[in-house]
Number of protein chains: 2
Amino acid sequence: MRAFIFDLDGTLVDTVYAHVLALQQALAEAGLEVPGWLVHRRIGMSGGLSARALAREIGRSLSAAEQERLQQRHGEIYQALLPVRRPLPGARELVGWLRENGVPFGIATSGRHPDIDASLGVLGLPADVIVVSRGDVLRAKPEPDLFLACQERMGVRREEVYVVGDAVWDLLAARRAGMLSVGLLSGGYGVDELLQAGAFRVYRDPQELLDSLDELGIPLQG
Amino acid sequence: MRAFIFDLDGTLVDTVYAHVLALQQALAEAGLEVPGWLVHRRIGMSGGLSARALAREIGRSLSAAEQERLQQRHGEIYQALLPVRRPLPGARELVGWLRENGVPFGIATSGRHPDIDASLGVLGLPADVIVVSRGDVLRAKPEPDLFLACQERMGVRREEVYVVGDAVWDLLAARRAGMLSVGLLSGGYGVDELLQAGAFRVYRDPQELLDSLDELGIPLQG
């Protein structure tokens, strides 16, 4: 049996570029000028971890109060930049297909409620879908905790799981969890970055993953 | 003798992520839903070419009037998203160093006046710097016209030129122009994407290029 654990931002919903600009602007308000590409390569990590990494990159540290303010402003600016979230091509069809064909899946994201609720809303997920978010675990990606918690709640074995993510941090966390991973280009990383981080396969987006499920051992009818 | 031709957006100024979101929103207004990562990989091409490529990607075409409207809205949304443009780390220092040390350089961008004026303004360029923009040539990147026009105006030979760019389109156009190229990660492409497009060397950003000029045959004093 095979099962899937999906990352959310950049993997199922098209939110990465708005997150980059929002976090960059929130950092600038805190006096930290971080170039966009460096912010992009940190998105998908734990918010606290990425804030510390980015601050270190430019040679200063952030207090706990500054980090909290940063997260709040990130969320506010993001909401203003991207009031409507769109599923990535094939995302709704992919989760619908898995559901209909009895392939277990769950979602594990470094995001938090209520920030992630609008994204979950546009995916047409079944009401009982398992969602593990930042608030459910002590440490977010690239620690394996989110994926391990999701796998446990799904009641599957880790050898059965493919983690699907767009960021290097997803793939690194999957390896640490002892799971295979599938990289998607829909978060803006390059093919080689994903392969070098350990992706078992790389596809463009959820649509190409859906069309390629048989490559992963899941028979497609018709 | 060596000379440099610089791309502008993503190479000297930190504008790529705002361009992605602005173009994506302008496309959405025109009824074209294109995922962010695909927009990202088309930024830096000629506007007309990228619009046609993106429209083809989602299976419909754009009229000339739609393309004109798209470019206008792209510019307007971009201006609202990023009222203040920031030079990338080391960009001002790099052009200052080249100026002081008598190394010829110019700028060749797929952008247009007046959109590019604010970006040029923050770089502290000398008043007589050669800037070739979209309006000066018939065809923009990945056609070699911008780089050839810049080289001709600079009065250097093409074998002497390093083109510096963040996008695959810069590097492909450089090869077609018979020039070596340097890729920068500061536009959000991965290392391998830039190397596979023919980059002679890849650096993080203008600062690392400045620190590495002697690798390119330009002696650094001290």
# chains A, B, ... in the order shown; residues from 1 in each chain; ligands from 1
call {"tool": "calpha_fit_and_write", "arguments": {"fixed": "chain B", "moving": "chain A", "output": "CSV table (one decimal) with C-alpha atoms, in the first residue's frame"}}
result
chain,number,residue,atom,x,y,z
A,1,MET,CA,40.6,43.8,-21.9
A,2,ARG,CA,37.4,42.7,-20.3
A,3,ALA,CA,34.0,44.5,-20.2
A,4,PHE,CA,30.6,43.8,-18.6
A,5,ILE,CA,27.1,44.0,-19.8
A,6,PHE,CA,24.6,43.8,-16.9
A,7,ASP,CA,21.0,42.8,-16.9
A,8,LEU,CA,19.0,45.0,-14.5
A,9,ASP,CA,16.0,43.2,-12.8
A,10,GLY,CA,17.2,40.4,-10.5
A,11,THR,CA,20.8,41.1,-11.4
A,12,LEU,CA,21.4,44.6,-10.0
A,13,VAL,CA,18.0,45.4,-8.4
A,14,ASP,CA,15.8,43.2,-6.2
A,15,THR,CA,12.7,43.3,-8.2
A,16,VAL,CA,12.0,39.8,-9.5
A,17,TYR,CA,9.4,38.7,-7.0
A,18,ALA,CA,7.3,41.9,-7.3
A,19,HIS,CA,7.5,41.5,-11.1
A,20,VAL,CA,6.2,37.9,-10.8
A,21,LEU,CA,3.3,38.8,-8.6
A,22,ALA,CA,2.4,41.9,-10.7
A,23,LEU,CA,2.5,40.0,-14.0
A,24,GLN,CA,0.5,37.1,-12.5
A,25,GLN,CA,-2.2,39.5,-11.3
A,26,ALA,CA,-2.3,41.3,-14.6
A,27,LEU,CA,-2.6,38.0,-16.4
A,28,ALA,CA,-5.4,37.0,-14.0
A,29,GLU,CA,-7.3,40.2,-14.8
A,30,ALA,CA,-7.0,39.2,-18.5
A,31,GLY,CA,-8.6,35.9,-17.6
A,32,LEU,CA,-5.3,33.9,-17.8
A,33,GLU,CA,-4.6,31.9,-14.6
A,34,VAL,CA,-0.9,31.1,-14.7
A,35,PRO,CA,0.9,29.6,-11.7
A,36,GLY,CA,3.6,31.8,-10.1
A,37,TRP,CA,6.5,29.6,-10.8
A,38,LEU,CA,5.8,29.6,-14.6
A,39,VAL,CA,5.6,33.4,-14.5
A,40,HIS,CA,8.9,33.5,-12.6
A,41,ARG,CA,10.6,31.4,-15.3
A,42,ARG,CA,9.4,33.8,-18.1
A,43,ILE,CA,10.4,37.1,-16.4
A,44,GLY,CA,13.3,38.7,-18.2
A,45,MET,CA,12.1,37.7,-21.6
A,46,SER,CA,10.6,40.2,-23.9
A,47,GLY,CA,7.2,41.1,-22.5
A,48,GLY,CA,5.4,40.2,-25.7
A,49,LEU,CA,7.2,36.9,-25.9
A,50,SER,CA,6.5,35.9,-22.3
A,51,ALA,CA,2.9,36.9,-22.7
A,52,ARG,CA,2.6,34.7,-25.7
A,53,ALA,CA,4.5,31.8,-24.1
A,54,LEU,CA,2.3,31.9,-21.0
A,55,ALA,CA,-0.9,32.2,-23.0
A,56,ARG,CA,0.2,29.2,-25.0
A,57,GLU,CA,1.0,27.3,-21.8
A,58,ILE,CA,-2.7,27.5,-20.8
A,59,GLY,CA,-4.0,27.1,-24.3
A,60,ARG,CA,-5.3,30.4,-25.6
A,61,SER,CA,-3.9,33.4,-27.4
A,62,LEU,CA,-3.8,37.1,-26.7
A,63,SER,CA,-4.8,39.9,-29.1
A,64,ALA,CA,-2.5,42.9,-29.6
A,65,ALA,CA,-4.8,45.1,-27.6
A,66,GLU,CA,-4.8,42.5,-24.7
A,67,GLN,CA,-1.0,42.4,-24.8
A,68,GLU,CA,-0.8,46.2,-24.6
A,69,ARG,CA,-3.3,46.3,-21.7
A,70,LEU,CA,-1.4,43.5,-20.0
A,71,GLN,CA,1.9,45.4,-20.1
A,72,GLN,CA,0.2,48.5,-18.8
A,73,ARG,CA,-1.4,46.7,-15.9
A,74,HIS,CA,1.8,44.8,-15.1
A,75,GLY,CA,3.6,48.2,-14.7
A,76,GLU,CA,0.8,49.7,-12.6
A,77,ILE,CA,0.5,46.7,-10.2
A,78,TYR,CA,4.3,46.4,-9.9
A,79,GLN,CA,4.6,50.1,-9.0
A,80,ALA,CA,1.9,49.6,-6.3
A,81,LEU,CA,3.6,46.5,-4.9
A,82,LEU,CA,7.1,47.8,-4.9
A,83,PRO,CA,7.2,51.6,-4.6
A,84,VAL,CA,10.8,51.5,-3.3
A,85,ARG,CA,13.3,49.5,-5.2
A,86,ARG,CA,16.4,48.2,-3.5
A,87,PRO,CA,19.8,47.4,-5.1
A,88,LEU,CA,20.9,43.9,-4.6
A,89,PRO,CA,23.8,43.4,-2.1
A,90,GLY,CA,27.0,44.7,-3.7
A,91,ALA,CA,25.4,46.2,-6.8
A,92,ARG,CA,26.3,49.8,-6.1
A,93,GLU,CA,29.8,48.8,-5.0
A,94,LEU,CA,30.3,46.7,-8.1
A,95,VAL,CA,29.5,49.4,-10.6
A,96,GLY,CA,31.4,51.9,-8.5
A,97,TRP,CA,34.5,49.6,-8.5
A,98,LEU,CA,34.3,49.0,-12.3
A,99,ARG,CA,34.0,52.8,-12.8
A,100,GLU,CA,36.9,53.6,-10.6
A,101,ASN,CA,39.1,51.0,-12.2
A,102,GLY,CA,38.3,51.8,-15.8
A,103,VAL,CA,36.5,48.6,-16.6
A,104,PRO,CA,33.9,49.3,-19.3
A,105,PHE,CA,30.3,48.3,-18.5
A,106,GLY,CA,26.8,48.9,-19.8
A,107,ILE,CA,23.2,47.8,-19.0
A,108,ALA,CA,20.9,45.9,-21.3
A,109,THR,CA,17.4,45.2,-20.1
A,110,SER,CA,14.2,43.8,-21.5
A,111,GLY,CA,12.4,46.6,-19.4
A,112,ARG,CA,11.3,49.9,-20.8
A,113,HIS,CA,11.5,53.5,-19.8
A,114,PRO,CA,9.9,54.9,-17.6
A,115,ASP,CA,9.5,51.5,-15.7
A,116,ILE,CA,13.2,51.1,-15.3
A,117,ASP,CA,14.1,54.6,-14.3
A,118,ALA,CA,13.6,54.1,-10.6
A,119,SER,CA,15.8,51.0,-10.7
A,120,LEU,CA,18.6,52.8,-12.5
A,121,GLY,CA,18.2,55.6,-10.0
A,122,VAL,CA,19.1,53.5,-6.9
A,123,LEU,CA,22.3,52.1,-8.4
A,124,GLY,CA,24.3,55.3,-8.3
A,125,LEU,CA,25.3,54.9,-11.9
A,126,PRO,CA,27.5,57.5,-13.6
A,127,ALA,CA,25.5,59.9,-15.8
A,128,ASP,CA,27.1,58.7,-19.0
A,129,VAL,CA,26.4,55.0,-18.4
A,130,ILE,CA,25.2,53.1,-21.5
A,131,VAL,CA,21.7,51.7,-21.1
A,132,VAL,CA,20.1,49.7,-23.8
A,133,SER,CA,16.4,49.0,-23.2
A,134,ARG,CA,13.5,47.3,-24.9
A,135,GLY,CA,12.6,50.3,-26.9
A,136,ASP,CA,16.1,50.5,-28.5
A,137,VAL,CA,15.9,47.1,-30.3
A,138,LEU,CA,13.5,45.2,-32.4
A,139,ARG,CA,13.6,42.0,-30.4
A,140,ALA,CA,14.4,41.4,-26.7
A,141,LYS,CA,15.9,38.4,-24.9
A,142,PRO,CA,16.4,35.6,-25.6
A,143,GLU,CA,17.3,37.2,-29.0
A,144,PRO,CA,20.9,38.6,-28.8
A,145,ASP,CA,19.9,42.1,-30.0
A,146,LEU,CA,20.1,43.9,-26.6
A,147,PHE,CA,23.5,42.7,-25.8
A,148,LEU,CA,24.9,43.3,-29.4
A,149,ALA,CA,23.5,46.9,-29.4
A,150,CYS,CA,25.1,47.5,-25.9
A,151,GLN,CA,28.4,46.1,-27.0
A,152,GLU,CA,28.4,48.2,-30.1
A,153,ARG,CA,27.7,51.4,-28.2
A,154,MET,CA,30.4,50.5,-25.6
A,155,GLY,CA,32.9,50.2,-28.4
A,156,VAL,CA,34.3,46.8,-27.2
A,157,ARG,CA,34.6,43.5,-29.0
A,158,ARG,CA,32.2,40.7,-28.2
A,159,GLU,CA,35.0,38.4,-27.2
A,160,GLU,CA,35.8,40.9,-24.4
A,161,VAL,CA,32.3,40.9,-22.9
A,162,TYR,CA,30.9,39.0,-19.9
A,163,VAL,CA,27.1,39.3,-19.8
A,164,VAL,CA,25.9,39.2,-16.2
A,165,GLY,CA,22.3,38.0,-15.7
A,166,ASP,CA,20.0,36.1,-13.3
A,167,ALA,CA,17.7,34.5,-15.8
A,168,VAL,CA,18.2,31.6,-18.3
A,169,TRP,CA,17.1,34.1,-21.0
A,170,ASP,CA,20.2,36.3,-20.4
A,171,LEU,CA,22.6,33.4,-20.6
A,172,LEU,CA,21.0,32.0,-23.8
A,173,ALA,CA,21.0,35.4,-25.4
A,174,ALA,CA,24.7,35.9,-24.4
A,175,ARG,CA,25.6,32.6,-26.1
A,176,ARG,CA,23.8,33.6,-29.3
A,177,ALA,CA,25.7,36.9,-29.1
A,178,GLY,CA,29.0,35.0,-28.9
A,179,MET,CA,29.7,36.4,-25.4
A,180,LEU,CA,30.6,34.6,-22.1
A,181,SER,CA,28.1,35.0,-19.3
A,182,VAL,CA,28.0,35.0,-15.5
A,183,GLY,CA,24.9,33.8,-13.8
A,184,LEU,CA,23.7,35.3,-10.5
A,185,LEU,CA,21.4,33.4,-8.1
A,186,SER,CA,19.8,36.7,-7.0
A,187,GLY,CA,16.9,36.3,-9.4
A,188,GLY,CA,15.7,33.0,-7.9
A,189,TYR,CA,16.9,30.5,-10.4
A,190,GLY,CA,18.9,27.5,-9.2
A,191,VAL,CA,22.6,27.0,-9.9
A,192,ASP,CA,22.1,24.1,-12.3
A,193,GLU,CA,19.5,26.0,-14.3
A,194,LEU,CA,22.1,28.7,-14.9
A,195,LEU,CA,25.0,26.4,-15.7
A,196,GLN,CA,22.8,24.3,-18.0
A,197,ALA,CA,21.9,27.5,-19.9
A,198,GLY,CA,25.6,28.1,-20.5
A,199,ALA,CA,26.9,30.3,-17.6
A,200,PHE,CA,30.7,30.4,-17.5
A,201,ARG,CA,30.5,31.0,-13.7
A,202,VAL,CA,27.7,31.4,-11.2
A,203,TYR,CA,27.8,33.6,-8.1
A,204,ARG,CA,25.2,34.4,-5.4
A,205,ASP,CA,24.8,38.1,-6.1
A,206,PRO,CA,26.7,41.3,-7.2
A,207,GLN,CA,28.7,41.3,-4.0
A,208,GLU,CA,30.2,37.8,-4.6
A,209,LEU,CA,30.9,38.8,-8.2
A,210,LEU,CA,32.8,41.8,-7.1
A,211,ASP,CA,34.8,39.7,-4.6
A,212,SER,CA,35.6,37.2,-7.4
A,213,LEU,CA,36.6,39.5,-10.3
A,214,ASP,CA,40.1,38.1,-10.3
A,215,GLU,CA,38.6,34.7,-11.2
A,216,LEU,CA,37.3,36.4,-14.4
A,217,GLY,CA,40.7,37.9,-15.3
A,218,ILE,CA,40.3,41.3,-13.7
A,219,PRO,CA,43.0,41.9,-11.1
A,220,LEU,CA,41.8,43.1,-7.7
A,221,GLN,CA,44.2,45.4,-5.9
A,222,GLY,CA,45.0,44.9,-2.2
call {"tool": "select_by_dssp", "arguments": {"residues": "region 135-190 of chain B", "states": "strand (DSSP E)", "output": "PyMOL selection string"}}
result
chain B and resi 161-165+180-184
call {"tool": "select_by_dssp", "arguments": {"residues": "region 25-165 of chain A", "states": "alpha helix (DSSP H)", "output": "PyMOL selection string"}}
result
chain A and resi 25-29+36-40+47-57+64-81+91-100+117-121+145-154
